[in-house]
Amino acid sequence: MVGMGKDLAENFSAAREVFKKVDDILSVNLSKIMFEGPSEELTKTENTQPALMAVSVALVEVLEKEFGKKITDLCSFVAGHSLGEYSALCAAKSISLEETAKLLQVRGREMAKCGEQTQGAMAAILGVEIEVAHEIAREAAQGDVCQVANDNSVGQVVISGSKSAIDRALEIAKTKGAKRAIALPVSGAFHSALMLEAQNQMKVALAKADVKSPIVPVVANVTAALVTDPNQIRDLLAQQITGSVRWRETMLFLASQGVEEIIEIGSGKVLAGLVGRTCPDVKSRSIQNSEDLRAFIS
């Protein structure tokens, strides 16, 4: 969304520093695109991904440097949805800001390229259990790619695959009791086998990246389990490109570990909104801007 991060840059030097660093690393005036648009530049996958990460990391840096709240004091675990996993790893000091920005630029570029070449699609299936969503995807495949991309929460699943298979899935979903089945406005079949070439390119980029053990335990997307080993982190980040984001199970895992509140740090509050659907006893809130930061600290 145009304007993302602008309020942080205006209020906190730590945020300005993050945005400047990301601009320099990528050799793109990304902060200008974030603050002023145009929207069609910001929505290019290779820009959206590092931009979303930059806002999340800027918020964490402000908490640490300007409010004296270290990530180790603030939380017992970190996790991130899809590209958010990179933000989580950066916040947990597993991957530096420089490496994270470069990796997301590659990830965005390669996923966009795959999207252009494969003509994939995605759809949200609402009001069915995950097992039914898997059934819908299997029936719709008929030799094409069709799979669960995001298991977001109880009753909210996103499927991904070839355009023809997704079209079939939208019809099949009606017969399987889905409340709604909606085609999503995306530029590719993310988190599906149609992203295989992007996955191969990410393996190469990740092999060169300096990855350390995180200082806060990280819950991985594709396993919904803790990951600490740097080589395993690389491997799971590559798998994530074609694999499913197991977010519902991630929330259940966190709840099983005694987590009482989930805090979404970044642009948007979709994830905070999903928590209650899966874990009604877990509180959630989002920190998006300077006002949220100050409210959180007080």
# chains A, B, ... in the order shown; residues from 1 in each chain; ligands from 1
call {"tool": "residues_around", "arguments": {"residues": "stretch 128-136 of chain A", "least_positions_apart": "4", "cutoff": "8 Å", "atoms": "only C-alpha atoms", "output": "ChimeraX atom specification"}}
result
/A:140,147-148,151,154-157,159,169,172-173,176-179
call {"tool": "closest_atom_pairs", "arguments": {"of": "stretch 3-97 of chain A", "to": "stretch 207-225 of chain A", "cutoff": "7 Å", "atoms": "only C-alpha atoms", "output": "JSON lines"}}
result
{"residue": "A:Thr72", "atom": "CA", "partner": "A:Val216", "partner_atom": "CA", "distance": 6.2}
{"residue": "A:Ser76", "atom": "CA", "partner": "A:Val216", "partner_atom": "CA", "distance": 6.6}
{"residue": "A:Phe77", "atom": "CA", "partner": "A:Pro217", "partner_atom": "CA", "distance": 5.0}
{"residue": "A:Val78", "atom": "CA", "partner": "A:Val218", "partner_atom": "CA", "distance": 5.0}
{"residue": "A:Ala79", "atom": "CA", "partner": "A:Val219", "partner_atom": "CA", "distance": 5.2}
{"residue": "A:His81", "atom": "CA", "partner": "A:Asn221", "partner_atom": "CA", "distance": 6.9}
{"residue": "A:Ser82", "atom": "CA", "partner": "A:Asn221", "partner_atom": "CA", "distance": 7.0}
{"residue": "A:Leu89", "atom": "CA", "partner": "A:Pro214", "partner_atom": "CA", "distance": 6.8}
{"residue": "A:Ala92", "atom": "CA", "partner": "A:Pro214", "partner_atom": "CA", "distance": 5.1}
{"residue": "A:Lys93", "atom": "CA", "partner": "A:Pro214", "partner_atom": "CA", "distance": 5.6}
{"residue": "A:Ser94", "atom": "CA", "partner": "A:Pro214", "partner_atom": "CA", "distance": 4.4}
{"residue": "A:Ile95", "atom": "CA", "partner": "A:Val211", "partner_atom": "CA", "distance": 5.2}
call {"tool": "write_last_selection", "arguments": {"atoms": "C-alpha atoms", "output": "mmCIF file, in the first residue's frame"}}
result
data_model
loop_
_atom_site.group_PDB
_atom_site.id
_atom_site.type_symbol
_atom_site.label_atom_id
_atom_site.label_comp_id
_atom_site.auth_asym_id
_atom_site.auth_seq_id
_atom_site.Cartn_x
_atom_site.Cartn_y
_atom_site.Cartn_z
ATOM 1 C CA THR A 72 14.669 -11.339 23.181
ATOM 2 C CA SER A 76 9.464 -16.156 23.123
ATOM 3 C CA PHE A 77 9.091 -17.113 19.439
ATOM 4 C CA VAL A 78 8.987 -15.451 16.016
ATOM 5 C CA ALA A 79 7.251 -16.551 12.819
ATOM 6 C CA HIS A 81 3.844 -15.702 6.809
ATOM 7 C CA SER A 82 5.507 -16.449 3.449
ATOM 8 C CA LEU A 89 14.622 -14.382 10.636
ATOM 9 C CA ALA A 92 15.896 -12.867 15.200
ATOM 10 C CA LYS A 93 19.385 -11.907 13.925
ATOM 11 C CA SER A 94 19.615 -15.074 11.834
ATOM 12 C CA ILE A 95 19.994 -13.167 8.537
#
call {"tool": "residues_around", "arguments": {"residues": "A:Val270", "least_positions_apart": "4", "cutoff": "12 Å", "atoms": "only C-alpha atoms", "output": "list of chain:residue names"}}
result
A:His81, A:Asn152, A:Ser153, A:Ile263, A:Glu264, A:Ile265, A:Gly266, A:Leu274, A:Val275, A:Gly276, A:Arg277, A:Ser284, A:Arg285, A:Ser286, A:Ile287, A:Gln288
call {"tool": "write_last_selection", "arguments": {"atoms": "N, CA and C atoms", "output": "compact mmCIF listing (two decimals), in the first residue's frame"}}
result
# COMPACT_ATOMS: atom_id res chain seq x y z
N HIS A 81 4.65 -15.05 7.85
CA HIS A 81 3.84 -15.70 6.81
C HIS A 81 4.49 -15.46 5.45
N ASN A 152 -4.34 -20.79 6.21
CA ASN A 152 -4.24 -19.55 7.00
C ASN A 152 -4.87 -19.63 8.38
N SER A 153 -6.06 -20.21 8.44
CA SER A 153 -6.76 -20.32 9.72
C SER A 153 -7.88 -21.33 9.54
N ILE A 263 1.68 -10.85 18.43
CA ILE A 263 1.79 -9.46 17.98
C ILE A 263 2.30 -9.44 16.55
N GLU A 264 1.49 -8.90 15.66
CA GLU A 264 1.89 -8.76 14.25
C GLU A 264 2.64 -7.44 14.10
N ILE A 265 3.88 -7.54 13.63
CA ILE A 265 4.71 -6.34 13.46
C ILE A 265 4.94 -6.13 11.96
N GLY A 266 4.36 -5.06 11.41
CA GLY A 266 4.54 -4.80 9.98
C GLY A 266 3.36 -4.06 9.40
N LEU A 274 -6.41 -13.17 11.94
CA LEU A 274 -6.60 -14.61 11.74
C LEU A 274 -6.46 -15.41 13.03
N VAL A 275 -5.73 -14.85 14.01
CA VAL A 275 -5.39 -15.61 15.22
C VAL A 275 -6.63 -16.18 15.91
N GLY A 276 -7.63 -15.31 16.12
CA GLY A 276 -8.82 -15.71 16.87
C GLY A 276 -9.61 -16.84 16.23
N ARG A 277 -9.53 -16.96 14.92
CA ARG A 277 -10.28 -18.02 14.23
C ARG A 277 -9.75 -19.40 14.61
N SER A 284 -4.48 -11.02 20.29
CA SER A 284 -3.63 -10.57 19.18
C SER A 284 -3.75 -9.06 19.03
N ARG A 285 -2.71 -8.47 18.49
CA ARG A 285 -2.72 -7.04 18.16
C ARG A 285 -1.71 -6.81 17.04
N SER A 286 -1.81 -5.67 16.39
CA SER A 286 -0.85 -5.36 15.33
C SER A 286 -0.13 -4.05 15.65
N ILE A 287 1.14 -3.99 15.26
CA ILE A 287 1.92 -2.76 15.40
C ILE A 287 2.34 -2.37 13.98
N GLN A 288 1.73 -1.28 13.48
CA GLN A 288 1.98 -0.86 12.10
C GLN A 288 2.67 0.49 11.98
call {"tool": "residues_around", "arguments": {"residues": "A:Glu98", "least_positions_apart": "4", "cutoff": "8 Å", "atoms": "only C-alpha atoms", "output": "PyMOL selection string"}}
result
chain A and resi 21-22+25+102
call {"tool": "select_by_dssp", "arguments": {"residues": "stretch 166-290 of chain A", "states": "alpha helix (DSSP H)", "output": "PDB file with C-alpha atoms, in the first residue's frame"}}
result
ATOM      1  CA  ILE A 166      -8.181 -23.203 -10.263  1.00  0.00           C
ATOM      2  CA  ASP A 167     -11.235 -22.502 -12.435  1.00  0.00           C
ATOM      3  CA  ARG A 168     -12.332 -26.116 -11.869  1.00  0.00           C
ATOM      4  CA  ALA A 169     -11.642 -25.813  -8.127  1.00  0.00           C
ATOM      5  CA  LEU A 170     -13.943 -22.770  -7.862  1.00  0.00           C
ATOM      6  CA  GLU A 171     -16.796 -24.914  -9.215  1.00  0.00           C
ATOM      7  CA  ILE A 172     -15.920 -28.029  -7.159  1.00  0.00           C
ATOM      8  CA  ALA A 173     -15.741 -25.945  -3.955  1.00  0.00           C
ATOM      9  CA  LYS A 174     -19.441 -25.107  -4.297  1.00  0.00           C
ATOM     10  CA  THR A 175     -20.306 -28.818  -4.224  1.00  0.00           C
ATOM     11  CA  LEU A 196       9.890 -24.656  -9.201  1.00  0.00           C
ATOM     12  CA  GLU A 197      12.301 -22.538 -11.250  1.00  0.00           C
ATOM     13  CA  ALA A 198      12.112 -19.761  -8.647  1.00  0.00           C
ATOM     14  CA  GLN A 199      12.831 -22.357  -5.971  1.00  0.00           C
ATOM     15  CA  ASN A 200      15.943 -23.501  -7.873  1.00  0.00           C
ATOM     16  CA  GLN A 201      17.183 -19.914  -8.143  1.00  0.00           C
ATOM     17  CA  MET A 202      16.537 -19.327  -4.427  1.00  0.00           C
ATOM     18  CA  LYS A 203      18.540 -22.441  -3.535  1.00  0.00           C
ATOM     19  CA  VAL A 204      21.523 -20.876  -5.292  1.00  0.00           C
ATOM     20  CA  ALA A 205      21.029 -17.494  -3.579  1.00  0.00           C
ATOM     21  CA  LEU A 206      20.473 -19.070  -0.147  1.00  0.00           C
ATOM     22  CA  ALA A 207      23.573 -21.280  -0.463  1.00  0.00           C
ATOM     23  CA  LYS A 208      25.676 -18.097  -0.670  1.00  0.00           C
ATOM     24  CA  PRO A 230      21.378 -22.503   9.572  1.00  0.00           C
ATOM     25  CA  ASN A 231      21.481 -25.185   6.859  1.00  0.00           C
ATOM     26  CA  GLN A 232      17.965 -26.301   7.695  1.00  0.00           C
ATOM     27  CA  ILE A 233      16.802 -22.659   7.617  1.00  0.00           C
ATOM     28  CA  ARG A 234      18.218 -22.331   4.079  1.00  0.00           C
ATOM     29  CA  ASP A 235      16.592 -25.592   3.011  1.00  0.00           C
ATOM     30  CA  LEU A 236      13.155 -24.689   4.429  1.00  0.00           C
ATOM     31  CA  LEU A 237      13.205 -21.200   2.890  1.00  0.00           C
ATOM     32  CA  ALA A 238      13.813 -22.804  -0.513  1.00  0.00           C
ATOM     33  CA  GLN A 239      11.081 -25.408   0.063  1.00  0.00           C
ATOM     34  CA  GLN A 240       8.685 -22.620   1.041  1.00  0.00           C
ATOM     35  CA  TRP A 247      -0.007 -20.850   9.361  1.00  0.00           C
ATOM     36  CA  ARG A 248      -2.979 -22.399  11.181  1.00  0.00           C
ATOM     37  CA  GLU A 249      -0.679 -25.114  12.548  1.00  0.00           C
ATOM     38  CA  THR A 250       1.912 -22.448  13.445  1.00  0.00           C
ATOM     39  CA  MET A 251      -0.690 -20.683  15.596  1.00  0.00           C
ATOM     40  CA  LEU A 252      -1.704 -23.992  17.216  1.00  0.00           C
ATOM     41  CA  PHE A 253       1.959 -24.763  17.926  1.00  0.00           C
ATOM     42  CA  LEU A 254       2.492 -21.358  19.569  1.00  0.00           C
ATOM     43  CA  ALA A 255      -0.651 -21.812  21.679  1.00  0.00           C
ATOM     44  CA  SER A 256       0.600 -25.281  22.732  1.00  0.00           C
ATOM     45  CA  VAL A 270      -4.502  -9.490   8.461  1.00  0.00           C
ATOM     46  CA  LEU A 271      -2.466 -12.000  10.488  1.00  0.00           C
ATOM     47  CA  ALA A 272      -3.555 -10.531  13.827  1.00  0.00           C
ATOM     48  CA  GLY A 273      -7.127 -10.934  12.593  1.00  0.00           C
ATOM     49  CA  LEU A 274      -6.597 -14.608  11.739  1.00  0.00           C
ATOM     50  CA  VAL A 275      -5.394 -15.610  15.219  1.00  0.00           C
ATOM     51  CA  GLY A 276      -8.821 -15.707  16.867  1.00  0.00           C
ATOM     52  CA  ARG A 277     -10.279 -18.024  14.233  1.00  0.00           C
ATOM     53  CA  THR A 278      -7.796 -20.757  15.096  1.00  0.00           C
ATOM     54  CA  SER A 290       4.263   5.204  15.442  1.00  0.00           C
TER      55      SER A 290
END
call {"tool": "residues_around", "arguments": {"residues": "A:Thr100", "least_positions_apart": "3", "cutoff": "9 Å", "atoms": "only C-alpha atoms", "output": "ChimeraX atom specification"}}
result
/A:50,53,86-87,89-90,95-97,103-105,209
call {"tool": "closest_residue", "arguments": {"among": "A:Ser267, A:Ser187, A:Asn150, A:Asn289", "to": "A:Leu63", "atoms": "only C-alpha atoms"}}
result
A:Asn289
call {"tool": "closest_residue", "arguments": {"among": "A:Arg107, A:Arg180, A:Arg16, A:Lys69", "to": "A:Ala123", "atoms": "only C-alpha atoms"}}
result
A:Arg180
call {"tool": "closest_residue", "arguments": {"among": "A:Gly188, A:Gly127, A:Gly258, A:Gly243", "to": "A:Met111", "atoms": "only C-alpha atoms"}}
result
A:Gly188
